[in-house]
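What follows is the content of query.txt, which has compact mmCIF, C-alpha atoms:
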```txt
# COMPACT_ATOMS: atom_id res chain seq x y z
CA MET V 1 -2.38 -68.77 39.69
CA SER V 2 1.09 -68.40 38.45
CA LEU V 3 3.15 -65.32 38.89
CA ALA V 4 3.25 -64.57 35.17
CA THR V 5 -0.52 -64.33 34.65
CA THR V 6 -1.05 -62.13 37.64
CA GLN V 7 1.59 -59.74 36.35
CA LEU V 8 0.16 -59.52 32.80
CA SER V 9 -2.90 -57.32 32.43
CA PRO V 10 -5.45 -58.34 29.73
CA ALA V 11 -4.33 -55.42 27.54
CA ILE V 12 -0.72 -56.57 27.64
CA SER V 13 -1.54 -60.21 26.87
CA GLN V 14 -3.61 -58.99 23.93
CA ARG V 15 -0.65 -57.02 22.69
CA VAL V 16 1.55 -60.09 22.99
CA GLU V 17 -0.92 -62.05 20.91
CA VAL V 18 -1.00 -59.37 18.25
CA VAL V 19 2.79 -59.25 18.10
CA ILE V 20 2.98 -63.04 17.81
CA LEU V 21 0.38 -62.99 15.03
CA ALA V 22 2.30 -60.34 13.12
CA VAL V 23 5.57 -62.23 13.47
CA VAL V 24 3.91 -65.47 12.31
CA VAL V 25 2.47 -63.73 9.23
CA CYS V 26 5.86 -62.24 8.35
CA ALA V 27 7.59 -65.59 8.91
CA LEU V 28 5.01 -67.39 6.75
CA ILE V 29 5.45 -64.90 3.90
CA PHE V 30 9.23 -65.14 4.24
CA GLU V 31 9.09 -68.93 4.07
CA LEU V 32 6.80 -68.88 1.00
CA VAL V 33 9.24 -66.58 -0.76
CA ARG V 34 12.17 -68.77 0.28
CA ARG V 35 10.48 -71.82 -1.23
CA LYS V 36 9.67 -69.81 -4.34
CA ARG V 37 5.96 -70.33 -3.85
CA LEU V 38 5.37 -66.58 -3.70
CA MET V 39 6.98 -63.94 -5.84
CA GLU V 40 8.69 -61.03 -4.11
CA ARG V 41 6.41 -58.67 -5.99
CA TYR V 42 3.37 -59.98 -4.12
CA ALA V 43 5.21 -60.70 -0.87
CA ILE V 44 6.02 -57.05 -0.30
CA LEU V 45 2.38 -56.07 0.16
CA TRP V 46 1.81 -58.80 2.72
CA LEU V 47 5.04 -58.02 4.56
CA VAL V 48 4.01 -54.38 4.78
CA SER V 49 0.69 -55.41 6.29
CA GLY V 50 2.44 -57.72 8.78
CA ALA V 51 4.87 -54.95 9.73
CA THR V 52 2.00 -52.51 10.24
CA VAL V 53 0.29 -54.88 12.64
CA LEU V 54 3.62 -55.43 14.43
CA VAL V 55 4.22 -51.69 14.90
CA LEU V 56 0.66 -51.17 16.15
CA GLY V 57 1.10 -54.05 18.59
CA LEU V 58 4.38 -52.75 19.99
CA TRP V 59 3.59 -49.06 20.08
CA GLN V 60 0.57 -49.03 22.27
CA GLY V 61 -0.68 -45.47 21.96
CA LEU V 62 -0.19 -45.19 18.20
CA LEU V 63 -3.50 -46.66 17.06
CA THR V 64 -5.46 -44.59 19.60
CA LYS V 65 -3.62 -41.42 18.57
CA LEU V 66 -4.08 -42.06 14.86
CA SER V 67 -7.75 -42.90 15.14
CA HIS V 68 -8.47 -39.90 17.33
CA ALA V 69 -6.56 -37.72 14.88
CA VAL V 70 -8.93 -38.71 12.07
CA GLY V 71 -11.97 -38.47 14.32
CA ILE V 72 -12.63 -42.15 15.03
CA TYR V 73 -13.17 -42.64 18.77
CA TYR V 74 -13.22 -46.43 18.80
CA PRO V 75 -9.65 -47.37 17.74
CA PRO V 76 -10.50 -50.93 16.54
CA SER V 77 -12.84 -49.37 13.96
CA ALA V 78 -9.93 -47.49 12.49
CA LEU V 79 -8.00 -50.73 12.30
CA PHE V 80 -10.89 -52.51 10.56
CA ALA V 81 -11.30 -49.67 8.12
CA VAL V 82 -7.62 -49.74 7.17
CA ALA V 83 -7.62 -53.54 6.93
CA PHE V 84 -10.73 -53.48 4.74
CA VAL V 85 -9.23 -50.98 2.33
CA PHE V 86 -6.02 -52.99 2.21
CA VAL V 87 -7.86 -56.22 1.37
CA LEU V 88 -9.91 -54.40 -1.25
CA VAL V 89 -6.80 -53.04 -2.92
CA MET V 90 -5.23 -56.49 -2.90
CA LEU V 91 -8.30 -58.07 -4.53
CA VAL V 92 -8.47 -55.46 -7.27
CA HIS V 93 -4.78 -55.99 -7.83
CA PHE V 94 -5.33 -59.74 -8.17
CA SER V 95 -8.25 -59.23 -10.55
CA THR V 96 -6.08 -57.19 -12.88
CA THR V 97 -3.36 -59.80 -12.58
CA VAL V 98 -5.79 -62.58 -13.50
CA SER V 99 -7.04 -60.51 -16.46
CA ARG V 100 -3.51 -59.98 -17.70
CA LEU V 101 -2.63 -63.64 -17.27
CA SER V 102 -5.71 -64.86 -19.15
CA ASP V 103 -4.94 -62.42 -21.95
CA GLN V 104 -1.38 -63.72 -22.15
CA ASN V 105 -2.73 -67.26 -21.96
CA LYS V 106 -5.01 -66.58 -24.92
CA MET V 107 -2.14 -65.16 -26.96
CA LEU V 108 0.01 -68.20 -26.21
CA ALA V 109 -2.76 -70.58 -27.24
CA GLN V 110 -3.31 -68.70 -30.49
CA ARG V 111 0.37 -68.54 -31.31
CA LEU V 112 0.74 -72.22 -30.53
CA ALA V 113 -2.16 -73.09 -32.85
CA LEU V 114 -0.69 -70.99 -35.67
CA LEU V 115 2.75 -72.52 -35.27
CA GLN V 116 1.35 -76.03 -35.06
CA GLN V 117 -0.67 -75.49 -38.21
CA ARG V 118 2.44 -74.35 -40.01
CA LEU V 119 4.35 -77.34 -38.73
CA ASP V 120 1.56 -79.79 -39.60
CA ARG V 121 1.63 -78.58 -43.17
CA ARG V 122 5.28 -79.55 -43.45
CA GLU V 123 5.42 -82.69 -41.38
CA PRO V 124 2.25 -84.34 -40.10
CA THR V 125 2.41 -85.87 -36.65
CA PRO V 126 2.46 -89.69 -36.54
CA GLN V 127 -1.22 -89.98 -35.51
CA ASP V 128 -2.33 -87.65 -38.28
CA ALA V 129 -0.20 -89.48 -40.80
CA GLN V 130 -1.79 -92.71 -39.70
CA ALA V 131 -5.26 -91.27 -40.13
CA ASP V 132 -4.31 -89.82 -43.48
CA GLY V 133 -2.54 -93.01 -44.44
CA ASP V 134 -5.81 -94.80 -45.04
CA ARG V 135 -6.61 -92.40 -47.83
CA ALA V 136 -3.17 -91.70 -49.23
CA LYS V 137 0.01 -93.45 -48.22
CA GLN V 138 2.22 -90.58 -47.19
CA PRO V 139 5.76 -90.93 -45.97
CA VAL V 140 6.26 -89.80 -42.39
CA GLY V 141 9.28 -87.62 -41.91
CA ILE V 142 9.65 -87.40 -38.16
CA ASP V 143 9.67 -91.04 -37.06
CA SER V 144 13.25 -91.47 -38.09
CA GLU V 145 14.66 -89.55 -35.14
CA MET B 146 -5.30 -61.50 -57.63
CA SER B 147 -6.74 -60.98 -54.19
CA ARG B 148 -6.95 -63.88 -51.80
CA HIS B 149 -10.05 -64.75 -49.82
CA LEU B 150 -10.44 -66.70 -46.61
CA ALA B 151 -13.43 -68.17 -44.81
CA ILE B 152 -12.84 -68.37 -41.05
CA VAL B 153 -14.93 -71.13 -39.50
CA PRO B 154 -14.89 -71.26 -35.71
CA ALA B 155 -16.01 -74.64 -34.43
CA TYR B 156 -16.41 -76.09 -30.96
CA ASN B 157 -17.63 -79.69 -30.93
CA GLU B 158 -19.27 -79.40 -34.33
CA ALA B 159 -18.17 -82.76 -35.75
CA GLU B 160 -21.66 -83.45 -37.13
CA ALA B 161 -22.04 -80.17 -38.97
CA ILE B 162 -18.50 -79.23 -39.94
CA THR B 163 -18.13 -81.49 -42.97
CA GLU B 164 -21.24 -80.06 -44.64
CA THR B 165 -20.27 -76.49 -43.67
CA ILE B 166 -16.88 -76.88 -45.37
CA ALA B 167 -18.42 -78.62 -48.36
CA SER B 168 -20.96 -75.84 -48.87
CA ILE B 169 -18.24 -73.18 -48.68
CA LYS B 170 -16.24 -75.03 -51.31
CA ARG B 171 -19.34 -75.42 -53.44
CA GLN B 172 -20.87 -71.95 -53.07
CA ALA B 173 -17.73 -69.86 -52.67
CA PRO B 174 -14.98 -71.61 -54.61
CA GLY B 175 -12.67 -68.58 -54.46
CA PHE B 176 -12.39 -68.87 -50.68
CA ASP B 177 -9.90 -70.94 -48.73
CA ALA B 178 -11.32 -72.29 -45.48
CA ILE B 179 -9.60 -72.24 -42.10
CA VAL B 180 -11.39 -74.07 -39.32
CA VAL B 181 -10.51 -72.84 -35.85
CA ASP B 182 -11.05 -75.82 -33.59
CA ASP B 183 -11.66 -74.26 -30.19
CA GLY B 184 -10.56 -77.20 -28.08
CA SER B 185 -13.16 -79.67 -29.36
CA THR B 186 -13.24 -83.17 -27.95
CA ASP B 187 -15.33 -84.84 -30.65
CA GLY B 188 -12.98 -85.00 -33.59
CA THR B 189 -14.06 -81.73 -35.21
CA ALA B 190 -10.48 -81.00 -36.28
CA GLN B 191 -10.01 -84.36 -38.00
CA ARG B 192 -13.28 -84.07 -39.90
CA ALA B 193 -12.50 -80.52 -40.93
CA ALA B 194 -9.09 -81.58 -42.21
CA ALA B 195 -10.66 -84.53 -44.02
CA ALA B 196 -13.14 -82.13 -45.64
CA GLY B 197 -10.19 -80.24 -47.05
CA ALA B 198 -9.96 -77.23 -44.73
CA ALA B 199 -6.83 -75.97 -43.05
CA VAL B 200 -7.21 -76.36 -39.29
CA LEU B 201 -6.00 -74.27 -36.39
CA ARG B 202 -6.14 -76.37 -33.28
CA LEU B 203 -6.36 -74.38 -30.06
CA PRO B 204 -4.91 -76.34 -27.14
CA PHE B 205 -7.96 -75.55 -24.98
CA ASN B 206 -11.27 -73.74 -25.28
CA LEU B 207 -10.75 -70.00 -25.62
CA GLY B 208 -14.33 -69.02 -26.36
CA ILE B 209 -15.63 -67.58 -29.61
CA GLY B 210 -13.70 -64.31 -29.37
CA GLY B 211 -10.31 -65.91 -28.91
CA ALA B 212 -11.06 -68.52 -31.57
CA MET B 213 -12.18 -65.94 -34.08
CA GLN B 214 -9.14 -63.80 -33.45
CA SER B 215 -6.94 -66.83 -34.17
CA GLY B 216 -8.54 -66.94 -37.60
CA TYR B 217 -7.73 -63.27 -38.17
CA LEU B 218 -4.16 -63.82 -36.99
CA TYR B 219 -3.91 -66.60 -39.58
CA ALA B 220 -5.42 -64.35 -42.27
CA ARG B 221 -2.94 -61.60 -41.47
CA GLU B 222 0.01 -63.99 -41.36
CA GLN B 223 -0.93 -65.62 -44.67
CA GLY B 224 -1.60 -62.29 -46.35
CA TYR B 225 -5.29 -62.69 -47.16
CA ASP B 226 -7.10 -59.63 -48.53
CA VAL B 227 -10.63 -60.57 -47.52
CA ALA B 228 -11.89 -62.69 -44.63
CA VAL B 229 -15.43 -63.86 -43.96
CA GLN B 230 -16.64 -65.45 -40.74
CA VAL B 231 -18.84 -68.50 -41.26
CA ASP B 232 -20.18 -70.37 -38.24
CA GLY B 233 -19.22 -74.02 -38.04
CA ASP B 234 -22.72 -75.08 -37.03
CA GLY B 235 -24.27 -74.39 -40.42
CA GLN B 236 -26.32 -71.30 -39.43
CA HIS B 237 -24.81 -69.18 -42.16
CA ASP B 238 -25.62 -69.89 -45.76
CA ALA B 239 -22.49 -70.01 -47.89
CA ARG B 240 -24.55 -68.81 -50.85
CA ASP B 241 -24.59 -65.33 -49.27
CA ILE B 242 -20.79 -65.09 -49.28
CA HIS B 243 -20.86 -63.95 -52.87
CA ALA B 244 -23.30 -61.13 -52.05
CA LEU B 245 -21.13 -59.99 -49.14
CA LEU B 246 -18.06 -59.94 -51.38
CA GLU B 247 -19.86 -58.03 -54.12
CA ARG B 248 -20.98 -55.39 -51.63
CA LEU B 249 -17.47 -55.11 -50.14
CA ASN B 250 -15.81 -54.83 -53.54
CA GLY B 251 -18.49 -52.47 -54.83
CA ASP B 252 -17.47 -49.68 -52.47
CA PRO B 253 -13.75 -49.03 -51.99
CA ASP B 254 -14.41 -47.06 -48.76
CA LEU B 255 -16.13 -50.00 -47.15
CA ASN B 256 -14.15 -52.15 -44.70
CA MET B 257 -16.77 -54.52 -43.34
CA VAL B 258 -20.06 -55.99 -44.52
CA THR B 259 -22.38 -57.84 -42.15
CA GLY B 260 -25.13 -60.21 -43.12
CA SER B 261 -28.33 -59.17 -41.34
CA ARG B 262 -31.34 -61.39 -40.69
CA PHE B 263 -33.61 -58.40 -40.05
CA LEU B 264 -32.77 -55.94 -42.81
CA ASP B 265 -35.25 -57.40 -45.27
CA ALA B 266 -38.51 -58.19 -43.51
CA GLU B 267 -39.84 -60.04 -46.55
CA ARG B 268 -37.00 -62.50 -46.52
CA GLU B 269 -37.56 -66.04 -45.32
CA GLY B 270 -35.24 -67.56 -42.78
CA PHE B 271 -34.43 -68.31 -39.19
CA ARG B 272 -34.49 -65.27 -36.90
CA SER B 273 -33.63 -66.62 -33.45
CA SER B 274 -36.11 -67.04 -30.59
CA ALA B 275 -38.55 -64.33 -29.46
CA THR B 276 -36.74 -63.57 -26.20
CA ARG B 277 -33.42 -63.27 -27.96
CA ARG B 278 -34.91 -60.95 -30.53
CA ILE B 279 -35.78 -58.54 -27.70
CA GLY B 280 -32.13 -58.49 -26.67
CA ILE B 281 -30.98 -58.15 -30.27
CA ARG B 282 -33.34 -55.19 -30.78
CA LEU B 283 -31.98 -53.49 -27.67
CA PHE B 284 -28.41 -53.91 -28.87
CA ALA B 285 -29.44 -52.75 -32.33
CA ARG B 286 -30.75 -49.49 -30.86
CA VAL B 287 -27.66 -48.92 -28.74
CA VAL B 288 -25.25 -49.70 -31.57
CA SER B 289 -27.21 -47.63 -34.08
CA ALA B 290 -27.18 -44.66 -31.69
CA ILE B 291 -23.43 -44.89 -31.09
CA THR B 292 -22.38 -45.47 -34.69
CA ARG B 293 -25.04 -43.06 -36.04
CA GLN B 294 -26.00 -45.49 -38.75
CA ARG B 295 -28.72 -48.11 -38.96
CA VAL B 296 -27.63 -51.45 -37.55
CA THR B 297 -30.35 -54.10 -37.55
CA ASP B 298 -28.48 -57.26 -36.58
CA PRO B 299 -25.63 -56.44 -34.20
CA THR B 300 -25.27 -60.05 -33.02
CA SER B 301 -24.74 -61.48 -36.49
CA GLY B 302 -21.44 -63.30 -36.81
CA PHE B 303 -21.71 -63.46 -40.58
CA ARG B 304 -19.23 -60.73 -41.43
CA MET B 305 -16.74 -60.00 -44.15
CA THR B 306 -13.79 -57.65 -43.74
CA ASP B 307 -11.09 -56.26 -45.97
CA ARG B 308 -7.39 -56.18 -45.19
CA ARG B 309 -7.70 -53.28 -42.74
CA GLY B 310 -10.43 -55.10 -40.88
CA ILE B 311 -8.29 -58.24 -40.75
CA GLU B 312 -5.38 -56.27 -39.33
CA LEU B 313 -7.58 -54.59 -36.74
CA PHE B 314 -9.17 -57.83 -35.55
CA ALA B 315 -5.83 -59.64 -35.49
CA ARG B 316 -4.58 -57.02 -33.07
CA ASP B 317 -7.65 -56.50 -30.98
CA TYR B 318 -10.78 -58.59 -30.75
CA PRO B 319 -13.36 -58.75 -27.95
CA HIS B 320 -13.06 -61.75 -25.63
CA ASP B 321 -16.44 -63.41 -25.38
CA TYR B 322 -19.71 -62.64 -27.18
CA PRO B 323 -17.70 -60.43 -29.53
CA GLU B 324 -20.16 -59.47 -32.25
CA VAL B 325 -21.68 -56.29 -30.81
CA GLU B 326 -18.34 -55.01 -29.61
CA ALA B 327 -16.67 -55.80 -32.91
CA ILE B 328 -19.02 -53.41 -34.73
CA LEU B 329 -18.18 -50.66 -32.26
CA LEU B 330 -14.48 -51.48 -32.48
CA VAL B 331 -14.63 -51.05 -36.25
CA HIS B 332 -16.53 -47.80 -35.80
CA SER B 333 -14.10 -46.41 -33.21
CA HIS B 334 -11.18 -47.14 -35.54
CA ARG B 335 -12.95 -45.10 -38.19
CA LEU B 336 -13.48 -48.04 -40.51
CA ARG B 337 -16.73 -48.13 -42.44
CA SER B 338 -19.24 -50.94 -42.29
CA CYS B 339 -22.69 -51.75 -43.63
CA GLU B 340 -25.26 -54.53 -43.66
CA ILE B 341 -26.86 -56.55 -46.40
CA PRO B 342 -29.86 -58.86 -45.98
CA VAL B 343 -29.15 -62.59 -45.65
CA SER B 344 -31.07 -65.66 -44.56
CA MET B 345 -29.88 -67.90 -41.79
CA HIS B 346 -30.70 -71.48 -40.87
CA PRO B 347 -31.42 -72.94 -37.49
CA ARG B 348 -28.38 -74.85 -36.19
CA ARG B 349 -27.73 -78.03 -38.11
CA SER B 350 -26.92 -79.99 -34.96
CA GLY B 351 -26.26 -79.66 -31.26
CA SER B 352 -27.65 -76.82 -29.20
CA SER B 353 -26.75 -73.19 -28.74
CA LYS B 354 -23.98 -72.58 -26.29
CA ILE B 355 -25.84 -69.79 -24.54
CA SER B 356 -28.15 -70.83 -21.69
CA SER B 357 -30.59 -68.49 -19.95
CA THR B 358 -28.27 -67.62 -17.06
CA GLN B 359 -25.55 -67.01 -19.58
CA SER B 360 -27.78 -64.66 -21.53
CA VAL B 361 -28.10 -62.47 -18.45
CA TYR B 362 -24.32 -62.42 -18.21
CA TYR B 363 -24.19 -61.81 -21.97
CA MET B 364 -26.39 -58.73 -21.72
CA ALA B 365 -24.52 -57.34 -18.72
CA LYS B 366 -21.09 -58.02 -20.17
CA VAL B 367 -21.82 -56.57 -23.58
CA LEU B 368 -23.56 -53.48 -22.18
CA LEU B 369 -20.61 -52.88 -19.84
CA ALA B 370 -18.15 -53.34 -22.69
CA VAL B 371 -20.15 -50.98 -24.89
CA PHE B 372 -20.33 -48.38 -22.13
CA VAL B 373 -16.64 -48.56 -21.25
CA GLY B 374 -15.74 -48.64 -24.92
CA MET B 375 -17.31 -45.23 -25.39
CA PHE B 376 -14.67 -43.77 -23.08
CA ARG B 377 -11.68 -45.20 -24.92
CA THR B 378 -9.65 -42.80 -26.97
CA ARG B 379 -10.33 -43.00 -30.65
CA PRO B 380 -7.36 -43.61 -32.87
CA GLU B 381 -7.24 -41.27 -35.83
CA LEU B 382 -5.65 -43.27 -38.61
CA ALA B 383 -4.50 -46.86 -38.80
CA PRO B 384 -5.75 -49.40 -36.28
CA ALA B 385 -3.42 -49.02 -33.32
CA ALA B 386 -2.54 -51.49 -30.60
CA LYS B 387 -4.96 -51.00 -27.75
CA ALA B 388 -2.89 -52.24 -24.85
CA PRO B 389 0.84 -52.50 -24.19
CA LEU B 390 0.29 -56.23 -24.00
CA ALA B 391 -1.09 -56.39 -27.53
CA ALA B 392 1.87 -54.31 -28.65
CA ALA B 393 4.22 -56.82 -27.05
CA ALA B 394 2.54 -59.61 -29.02
CA GLU B 395 3.12 -57.59 -32.18
CA ARG B 396 6.82 -57.56 -31.53
CA ALA B 397 6.87 -61.27 -30.74
CA ALA B 398 5.09 -62.11 -33.97
CA PRO B 399 7.39 -63.10 -36.82
```
Could you render the structure from this file as structure tokens?
Amino acid sequence: MSLATTQLSPAISQRVEVVILAVVVCALIFELVRRKRLMERYAILWLVSGATVLVLGLWQGLLTKLSHAVGIYYPPSALFAVAFVFVLVMLVHFSTTVSRLSDQNKMLAQRLALLQQRLDRREPTPQDAQADGDRAKQPVGIDSE
Amino acid sequence: MSRHLAIVPAYNEAEAITETIASIKRQAPGFDAIVVDDGSTDGTAQRAAAAGAAVLRLPFNLGIGGAMQSGYLYAREQGYDVAVQVDGDGQHDARDIHALLERLNGDPDLNMVTGSRFLDAEREGFRSSATRRIGIRLFARVVSAITRQRVTDPTSGFRMTDRRGIELFARDYPHDYPEVEAILLVHSHRLRSCEIPVSMHPRRSGSSKISSTQSVYYMAKVLLAVFVGMFRTRPELAPAAKAPLAAAAERAAP
């Protein structure tokens, strides 16, 4: 047995793991934002959750105090409850985001179709002109570019 | 002279679309036809154009609500005074267009006329399957109770609207399975609608796009939409933009 493991009680090693986890989550979110894979708007929520876990990991008595204050005598339950609510809020948030995006998507598709129809009336695309060409030889205006 | 438009939504209806357009031209010569090709992969758009209709080509499948709204956007943009929805699959009989128009023009307060399969029990014609009729009857009761007028065929897509109806639907149209909600939308915007009896045909080709699992979703979705819709604020005068997003689209439109 090494000196380090004998010195660390199980509670402390658990706390170390929690702190490492929180730091990894924050680092991951930071890296995703840096690579522009995640917008700041959505990163903030995740960073807040990472920071919360970090604070709870570092400040040992906090979770126990908080959970006792609201009448929960098994502190991990309090943690699960908070985490569950957080995930729920995130999912509802994403559902509204998806709804908004599909609405915008629909509007773009419609506008594109209307604009294309207007354009087609003026200058048919080469394929269309070819198809039409069998019936009526029409000059194609856009090949000359 | 007022201008009339037939909006024909079509998704993979290459077999039926030519005849649908031809019958509109034959039976309702005063109507221009716009085919909304909802992302078809079978050459529907080409055949529609060859049949002499204008074509709106959606880049991907939006579903019937989004496709239909595209037609209303076109009608608004091109300044049409009357628009009638005619299914691309040949279910609606273009001969009835004239009756719809006569009813709409006959009453200046009227904004929308729907062709109903069930209004005239004597009338011949296709009336959907027995199980679907149960659902239709349920919706008919709900819609009749909310609008406080008799609605016999709330799922009929054979509808004609005036300019105010066009403007309303161009701004706001239900997403999927829109028919039931559209009646309530018209009602909540204080526009007036009525039904006249029509006959419908079974589909000319292909099969219905609604399977049995989808019909469960259909019922749930429409009932939810109807229920939530009852809690929306009712605009007093002109059709107003429902959401900030729709308002943004208004500004973007030329």
Requested in this report: May I have the residues of chain B within 12 Å of chain V, counting only C-alpha atoms, written as a ChimeraX atom specification?
Outcome: /B:179-184,188,190-192,194-223,315-321,388-395,397-399
Query - Shell of 12 Å around range 85-94 of chain V, only C-alpha atoms, local chain residues under 5 positions omitted, as a ChimeraX atom specification - result: /V:41-46,48-50,52,78-80,99-101
Let's have the selection written as a JSON list (two decimals), keeping the file's coordinate frame, with C-alpha atoms.
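See again_35.json below for the written result:
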```
[["chain", "number", "residue", "atom", "x", "y", "z"],
["V", 41, "ARG", "CA", 6.41, -58.67, -5.99],
["V", 42, "TYR", "CA", 3.37, -59.98, -4.12],
["V", 43, "ALA", "CA", 5.21, -60.70, -0.87],
["V", 44, "ILE", "CA", 6.02, -57.05, -0.30],
["V", 45, "LEU", "CA", 2.38, -56.07, 0.16],
["V", 46, "TRP", "CA", 1.81, -58.80, 2.72],
["V", 48, "VAL", "CA", 4.01, -54.38, 4.78],
["V", 49, "SER", "CA", 0.69, -55.41, 6.29],
["V", 50, "GLY", "CA", 2.44, -57.72, 8.78],
["V", 52, "THR", "CA", 2.00, -52.51, 10.24],
["V", 78, "ALA", "CA", -9.93, -47.49, 12.49],
["V", 79, "LEU", "CA", -8.00, -50.73, 12.30],
["V", 80, "PHE", "CA", -10.89, -52.51, 10.56],
["V", 99, "SER", "CA", -7.04, -60.51, -16.46],
["V", 100, "ARG", "CA", -3.51, -59.98, -17.70],
["V", 101, "LEU", "CA", -2.63, -63.64, -17.27]]
```
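Between CA of Pro10 in chain V and CA of Tyr73 in chain V there is a distance of 20.6 Å.
In this structure, CA of Glu340 in chain B sits 11.9 Å away from CA of Thr306 in chain B.
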Report task. State, in Å with one decimal place, the distance from CA of Val227 in chain B to CA of Asp307 in chain B. Result -> 4.6 Å
Report task. May I have the residues within 12 Å of Lys170 in chain B as a PyMOL selection string, using only C-alpha atoms and disregarding those fewer than 2 positions away in the same chain? Result -> chain B and resi 150-151+163-168+172-179+196-198+239-240+242
Let me see the file: selected residues, C-alpha atoms, as an mmCIF file, keeping the file's coordinate frame.
```cif
data_model
loop_
_atom_site.group_PDB
_atom_site.id
_atom_site.type_symbol
_atom_site.label_atom_id
_atom_site.label_comp_id
_atom_site.auth_asym_id
_atom_site.auth_seq_id
_atom_site.Cartn_x
_atom_site.Cartn_y
_atom_site.Cartn_z
ATOM 1 C CA LEU B 150 -10.440 -66.700 -46.610
ATOM 2 C CA ALA B 151 -13.430 -68.170 -44.810
ATOM 3 C CA THR B 163 -18.130 -81.490 -42.970
ATOM 4 C CA GLU B 164 -21.240 -80.060 -44.640
ATOM 5 C CA THR B 165 -20.270 -76.490 -43.670
ATOM 6 C CA ILE B 166 -16.880 -76.880 -45.370
ATOM 7 C CA ALA B 167 -18.420 -78.620 -48.360
ATOM 8 C CA SER B 168 -20.960 -75.840 -48.870
ATOM 9 C CA GLN B 172 -20.870 -71.950 -53.070
ATOM 10 C CA ALA B 173 -17.730 -69.860 -52.670
ATOM 11 C CA PRO B 174 -14.980 -71.610 -54.610
ATOM 12 C CA GLY B 175 -12.670 -68.580 -54.460
ATOM 13 C CA PHE B 176 -12.390 -68.870 -50.680
ATOM 14 C CA ASP B 177 -9.900 -70.940 -48.730
ATOM 15 C CA ALA B 178 -11.320 -72.290 -45.480
ATOM 16 C CA ILE B 179 -9.600 -72.240 -42.100
ATOM 17 C CA ALA B 196 -13.140 -82.130 -45.640
ATOM 18 C CA GLY B 197 -10.190 -80.240 -47.050
ATOM 19 C CA ALA B 198 -9.960 -77.230 -44.730
ATOM 20 C CA ALA B 239 -22.490 -70.010 -47.890
ATOM 21 C CA ARG B 240 -24.550 -68.810 -50.850
ATOM 22 C CA ILE B 242 -20.790 -65.090 -49.280
#
```
Report task. Would you kindly return, as a VMD selection string, each protein, DNA or RNA residue with an atom no farther than 7 Å from any atom of Leu63 in chain V, considering all atoms listed in the file and excluding same-chain residues fewer than 4 positions away? Result -> chain V and resid 56 67 75
Requested in this report: May I have the residues within 12 Å of Leu66 in chain V as a list in words, using all atoms listed in the file and disregarding those fewer than 2 positions away in the same chain?
Outcome: Leu56, Trp59, Gln60, Gly61, Leu62, Leu63, Thr64, His68, Ala69, Val70, Gly71, Ile72, Tyr73, Tyr74, Pro75, Pro76, Ser77, Ala78, Leu79 and Val82 of chain V
With a distance cut-off of 10 Å and all atoms listed in the file, select the neighbouring residues of range 329-338 of chain B, excluding the residue or stretch itself and same-chain residues fewer than 4 positions from it, and output the selection as an mmCIF file with C-alpha atoms, in the frame of the given file.
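So the final result, stored in around-v6.cif, reads:
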```cif
data_model
loop_
_atom_site.group_PDB
_atom_site.id
_atom_site.type_symbol
_atom_site.label_atom_id
_atom_site.label_comp_id
_atom_site.auth_asym_id
_atom_site.auth_seq_id
_atom_site.Cartn_x
_atom_site.Cartn_y
_atom_site.Cartn_z
ATOM 1 C CA LEU B 249 -17.470 -55.110 -50.140
ATOM 2 C CA ASP B 254 -14.410 -47.060 -48.760
ATOM 3 C CA LEU B 255 -16.130 -50.000 -47.150
ATOM 4 C CA ASN B 256 -14.150 -52.150 -44.700
ATOM 5 C CA MET B 257 -16.770 -54.520 -43.340
ATOM 6 C CA VAL B 258 -20.060 -55.990 -44.520
ATOM 7 C CA THR B 259 -22.380 -57.840 -42.150
ATOM 8 C CA VAL B 288 -25.250 -49.700 -31.570
ATOM 9 C CA SER B 289 -27.210 -47.630 -34.080
ATOM 10 C CA ILE B 291 -23.430 -44.890 -31.090
ATOM 11 C CA THR B 292 -22.380 -45.470 -34.690
ATOM 12 C CA ARG B 293 -25.040 -43.060 -36.040
ATOM 13 C CA GLN B 294 -26.000 -45.490 -38.750
ATOM 14 C CA VAL B 296 -27.630 -51.450 -37.550
ATOM 15 C CA PRO B 299 -25.630 -56.440 -34.200
ATOM 16 C CA ARG B 304 -19.230 -60.730 -41.430
ATOM 17 C CA MET B 305 -16.740 -60.000 -44.150
ATOM 18 C CA THR B 306 -13.790 -57.650 -43.740
ATOM 19 C CA ARG B 309 -7.700 -53.280 -42.740
ATOM 20 C CA GLY B 310 -10.430 -55.100 -40.880
ATOM 21 C CA LEU B 313 -7.580 -54.590 -36.740
ATOM 22 C CA PHE B 314 -9.170 -57.830 -35.550
ATOM 23 C CA ASP B 317 -7.650 -56.500 -30.980
ATOM 24 C CA TYR B 318 -10.780 -58.590 -30.750
ATOM 25 C CA PRO B 319 -13.360 -58.750 -27.950
ATOM 26 C CA PRO B 323 -17.700 -60.430 -29.530
ATOM 27 C CA GLU B 324 -20.160 -59.470 -32.250
ATOM 28 C CA VAL B 325 -21.680 -56.290 -30.810
ATOM 29 C CA ALA B 370 -18.150 -53.340 -22.690
ATOM 30 C CA VAL B 371 -20.150 -50.980 -24.890
ATOM 31 C CA GLY B 374 -15.740 -48.640 -24.920
ATOM 32 C CA MET B 375 -17.310 -45.230 -25.390
ATOM 33 C CA ARG B 377 -11.680 -45.200 -24.920
ATOM 34 C CA THR B 378 -9.650 -42.800 -26.970
ATOM 35 C CA ARG B 379 -10.330 -43.000 -30.650
ATOM 36 C CA PRO B 380 -7.360 -43.610 -32.870
ATOM 37 C CA GLU B 381 -7.240 -41.270 -35.830
ATOM 38 C CA LEU B 382 -5.650 -43.270 -38.610
ATOM 39 C CA ALA B 383 -4.500 -46.860 -38.800
ATOM 40 C CA PRO B 384 -5.750 -49.400 -36.280
ATOM 41 C CA ALA B 385 -3.420 -49.020 -33.320
#
```
